[in-house]
Amino acid sequence: MNVLIFEFKNKIKTLILWEIGFAFIAFLFMTFYPTFSKDTEVFDLIIKNYPEMLLKAFGLNREVSLSSVLGFFSFVFSFTQLTLAIQASYYGFSLLTIEQREFTADFLLSKPKSRTDIYLGKLFGTLLLLIVTHLFLWPIQILSIEIFRDGHTYDMMVLLRILLGSFFLSLSFFFISLGLSMLFKKINNVLSMALAISFGTYVLQMLKGIIGGDYLGLFTPFYYYETNQIIASGKLSTDSFLFLGVTCFVGLAYSLFVYRARDIHAL
Amino acid sequence: MKIIQHELKSNFKYTLIWSGIMAAIIAMMMAEFSAYYNNPQMMEIIKAMPESLLKAFSMDSINLTTLGGFLSVASVYFYILAAAFALILGNNIIAKEERDKTAEFFLTLPISRERVVFSKLIAAIIACIFFTGITTLTVVFTGLNYAPDASYYKFIGLTSTSMLLIQMIFLSMGLFMAAAIRRHKRSNIMAVILLMGLYMLSIVMQLTDKLNFLKYFTPFDYFRSAEILKTLTLPRCGVGLSISFTLLFLALTFYIYPKRDLNL
């Protein structure tokens, strides 16, 4: 319990910075929506008449128009998703490796606590943190839509599913990074790792949006929680639940297995 | 020389990871190109489109059925990855002495701080060249199947040069941030904010015409590969801006770091 509380308190201050970032992204981009919703009505008409293959090449989608509230929101939300991914993988890479980096191993690991207890404390502390992140994130997103929607209507249930998908995205990135962090003896530069994973998979997802392709998306978590797909079908796909289950289980099992029996040098 | 060697070694793991991710993305992307390559259906569609619509997508000079056109749609994302790598590298290479508590040992050696920063700079530049080299080689090798011509290779050369120039801007920014901000955790956060901020600025600029004057501050827009593909020269304005920003931040780093109190 102490480990959990410490972990939570330690990071809660920087959480405010992340939330300001989320709010900034949401409000900055949604201010453009009112002008966009008028201009693109003609534009959408043109798009309807063009062949599927070409639309794909331009990263456009026939079912989801940029002039609808959720269509524009989905464009904005991709940046929020990227930020969420950076945050979650930063937590994942730093959580179990921090003792070696900051030379606190001989303090923490000499306490009469098993490695499993320490692991669980750290894990639940961070999970709590991710839940709190989303607890504030969701009202921010809903508010940004309500202020700038300009009389256009949208489906609240679909929006909630998009937000739920983003929570799954956080969890997936967290557990993937947690697992990957155990592959290395020592990680000094956490940020480099976190950005490599999150930006790498983000770029893959963007490329998939531009050029299409069958298997380009399979390797990126963003693909499974893609907002356009949720808007088009109205629900989270079974693949997204499957992906969440697999990443959480593998990441958790592997990191616990390695961490329990790992050599951690004091200095 | 010793310092350069040591820095190269200690950053090798991260350089390898980033280059590996880059190479994997390019390889996967080029595998998808076979669907577009010399696809007559695609070409006819593009020919039939009105010019104004193509302009709206800034696609008037891009032809997805050619190797160069296909690459140029993706190049802005390659720039972003390259920039992220260089920024974190520059930030880390200075800040790590304080983070790993090695500053006390390292900076009491009989070497001036200017010399230290200079050696670290050289090591970082070598790492960036390695990254760009791997990227270029992957592009060249995966493109061999599609009968590339001489102008394509010139285009690749120019794009790689612009990627390296963008990396230099971000590298010097990273060095500057690590030198100017005393606490390494804070300079880390600032680096992420800067990267995301510049990326989002370049996106916002596409949504409205009013912010056009900001294009001088978003390095991702200095070298538009659609233009490079058309003219086969580097935009002079971009080259000038990137070199001057790089020199500015380097000068600031060399001015600030030797005088700074270390956070031990």
# chains A, B, ... in the order shown; residues from 1 in each chain; ligands from 1
call {"tool": "interface_residues", "arguments": {"of": "chain B", "to": "chain A", "cutoff": "7 Å", "atoms": "only C-alpha atoms", "output": "list in words"}}
result
Trp18, Ile21, Ile25, Met28, Glu32, Ala74, Tyr77, Leu81 and Ile88 of chain B
call {"tool": "residues_around", "arguments": {"residues": "Ala147 in chain B", "least_positions_apart": "5", "cutoff": "12 Å", "atoms": "only C-alpha atoms", "output": "ChimeraX atom specification"}}
result
/B:37-38,66-68,140-142,152-153
call {"tool": "write_last_selection", "arguments": {"atoms": "all heavy atoms", "output": "compact mmCIF listing (two decimals), in the first residue's frame"}}
result
# COMPACT_ATOMS: atom_id res chain seq x y z
N TYR B 37 2.24 0.72 -57.94
CA TYR B 37 3.27 0.84 -58.96
C TYR B 37 2.69 0.61 -60.35
O TYR B 37 2.15 -0.47 -60.64
CB TYR B 37 4.39 -0.16 -58.67
CG TYR B 37 5.51 -0.13 -59.66
CD1 TYR B 37 6.22 1.04 -59.88
CD2 TYR B 37 5.86 -1.27 -60.37
CE1 TYR B 37 7.25 1.08 -60.79
CE2 TYR B 37 6.89 -1.24 -61.28
CZ TYR B 37 7.59 -0.07 -61.48
OH TYR B 37 8.62 -0.04 -62.38
N ASN B 38 2.83 1.61 -61.22
CA ASN B 38 2.36 1.54 -62.61
C ASN B 38 0.93 1.02 -62.73
O ASN B 38 0.60 0.30 -63.65
CB ASN B 38 3.29 0.65 -63.44
CG ASN B 38 4.51 1.42 -63.87
OD1 ASN B 38 4.56 2.64 -63.73
ND2 ASN B 38 5.49 0.72 -64.38
N THR B 66 4.32 6.71 -59.04
CA THR B 66 5.77 6.68 -59.18
C THR B 66 6.41 6.61 -57.81
O THR B 66 5.83 7.02 -56.81
CB THR B 66 6.30 7.95 -59.88
OG1 THR B 66 6.03 9.07 -59.02
CG2 THR B 66 5.63 8.16 -61.21
N LEU B 67 7.63 6.08 -57.80
CA LEU B 67 8.35 5.87 -56.55
C LEU B 67 8.55 7.18 -55.79
O LEU B 67 8.29 7.28 -54.60
CB LEU B 67 9.69 5.24 -56.87
CG LEU B 67 10.34 4.33 -55.86
CD1 LEU B 67 9.35 3.32 -55.34
CD2 LEU B 67 11.52 3.63 -56.49
N GLY B 68 8.97 8.23 -56.52
CA GLY B 68 9.23 9.52 -55.89
C GLY B 68 7.97 10.12 -55.29
O GLY B 68 7.96 10.60 -54.16
N VAL B 140 16.66 3.19 -50.58
CA VAL B 140 17.28 2.81 -51.85
C VAL B 140 17.11 1.32 -52.12
O VAL B 140 16.67 0.91 -53.19
CB VAL B 140 18.78 3.20 -51.85
CG1 VAL B 140 19.49 2.56 -53.05
CG2 VAL B 140 18.92 4.70 -51.90
N PHE B 141 17.38 0.49 -51.11
CA PHE B 141 17.33 -0.96 -51.33
C PHE B 141 15.92 -1.46 -51.55
O PHE B 141 15.69 -2.31 -52.41
CB PHE B 141 17.97 -1.70 -50.15
CG PHE B 141 19.46 -1.76 -50.27
CD1 PHE B 141 20.28 -1.22 -49.29
CD2 PHE B 141 20.06 -2.37 -51.37
CE1 PHE B 141 21.66 -1.26 -49.41
CE2 PHE B 141 21.43 -2.42 -51.50
CZ PHE B 141 22.23 -1.86 -50.52
N THR B 142 14.96 -0.93 -50.80
CA THR B 142 13.60 -1.42 -50.99
C THR B 142 13.00 -0.91 -52.29
O THR B 142 12.02 -1.45 -52.76
CB THR B 142 12.68 -1.00 -49.82
OG1 THR B 142 12.85 0.39 -49.60
CG2 THR B 142 12.98 -1.77 -48.56
N TYR B 152 15.19 10.10 -59.61
CA TYR B 152 14.73 9.56 -58.33
C TYR B 152 15.85 9.56 -57.31
O TYR B 152 15.67 9.97 -56.16
CB TYR B 152 14.17 8.15 -58.53
CG TYR B 152 13.91 7.40 -57.25
CD1 TYR B 152 12.86 7.76 -56.41
CD2 TYR B 152 14.73 6.35 -56.87
CE1 TYR B 152 12.63 7.09 -55.24
CE2 TYR B 152 14.51 5.66 -55.70
CZ TYR B 152 13.45 6.03 -54.89
OH TYR B 152 13.24 5.36 -53.72
N TYR B 153 17.05 9.15 -57.76
CA TYR B 153 18.18 9.12 -56.82
C TYR B 153 18.55 10.53 -56.37
O TYR B 153 18.94 10.74 -55.23
CB TYR B 153 19.37 8.40 -57.45
CG TYR B 153 19.19 6.90 -57.44
CD1 TYR B 153 19.13 6.18 -58.62
CD2 TYR B 153 19.03 6.22 -56.25
CE1 TYR B 153 18.93 4.82 -58.62
CE2 TYR B 153 18.82 4.85 -56.24
CZ TYR B 153 18.77 4.16 -57.42
OH TYR B 153 18.56 2.82 -57.40
call {"tool": "residues_around", "arguments": {"residues": "Leu171 in chain A", "least_positions_apart": "3", "cutoff": "8 Å", "atoms": "only C-alpha atoms", "output": "PyMOL selection string"}}
result
chain A and resi 88+130+167-168+174-175+244+248
call {"tool": "write_last_selection", "arguments": {"atoms": "N, CA and C atoms", "output": "short mmCIF file (atom, residue, chain, number, x, y, z; two decimals), in the first residue's frame"}}
result
data_model
loop_
_atom_site.label_atom_id
_atom_site.label_comp_id
_atom_site.auth_asym_id
_atom_site.auth_seq_id
_atom_site.Cartn_x
_atom_site.Cartn_y
_atom_site.Cartn_z
N ALA A 88 1.52 7.15 -21.48
CA ALA A 88 1.42 5.78 -20.97
C ALA A 88 2.73 5.03 -21.15
N LEU A 130 -3.52 6.43 -14.36
CA LEU A 130 -4.11 6.44 -15.72
C LEU A 130 -5.61 6.67 -15.65
N PHE A 167 -9.00 5.01 -23.54
CA PHE A 167 -8.54 4.44 -22.27
C PHE A 167 -7.86 3.10 -22.53
N PHE A 168 -8.47 2.30 -23.40
CA PHE A 168 -7.85 1.03 -23.77
C PHE A 168 -6.49 1.26 -24.41
N PHE A 174 0.77 1.21 -22.05
CA PHE A 174 1.43 1.04 -20.75
C PHE A 174 1.98 -0.37 -20.61
N PHE A 175 1.15 -1.38 -20.92
CA PHE A 175 1.60 -2.76 -20.71
C PHE A 175 2.65 -3.19 -21.74
N LEU A 244 -6.50 -5.55 -26.59
CA LEU A 244 -6.32 -5.09 -25.21
C LEU A 244 -5.99 -6.27 -24.30
N CYS A 248 -2.32 -6.65 -22.47
CA CYS A 248 -2.32 -6.56 -21.01
C CYS A 248 -1.78 -7.85 -20.40
#
call {"tool": "select_by_dssp", "arguments": {"residues": "range 137-225 of chain A", "states": "alpha helix (DSSP H)", "output": "count of residues only"}}
result
64
call {"tool": "atom_distance", "arguments": {"atom1": "CA of Tyr154 in chain A", "atom2": "CA of Ile20 in chain A"}}
result
25.2 Å
call {"tool": "closest_residue", "arguments": {"among": "A:Ile12, A:Val246, A:Ala266, A:Ile5", "to": "Val132 in chain A", "atoms": "only C-alpha atoms"}}
result
A:Ile12
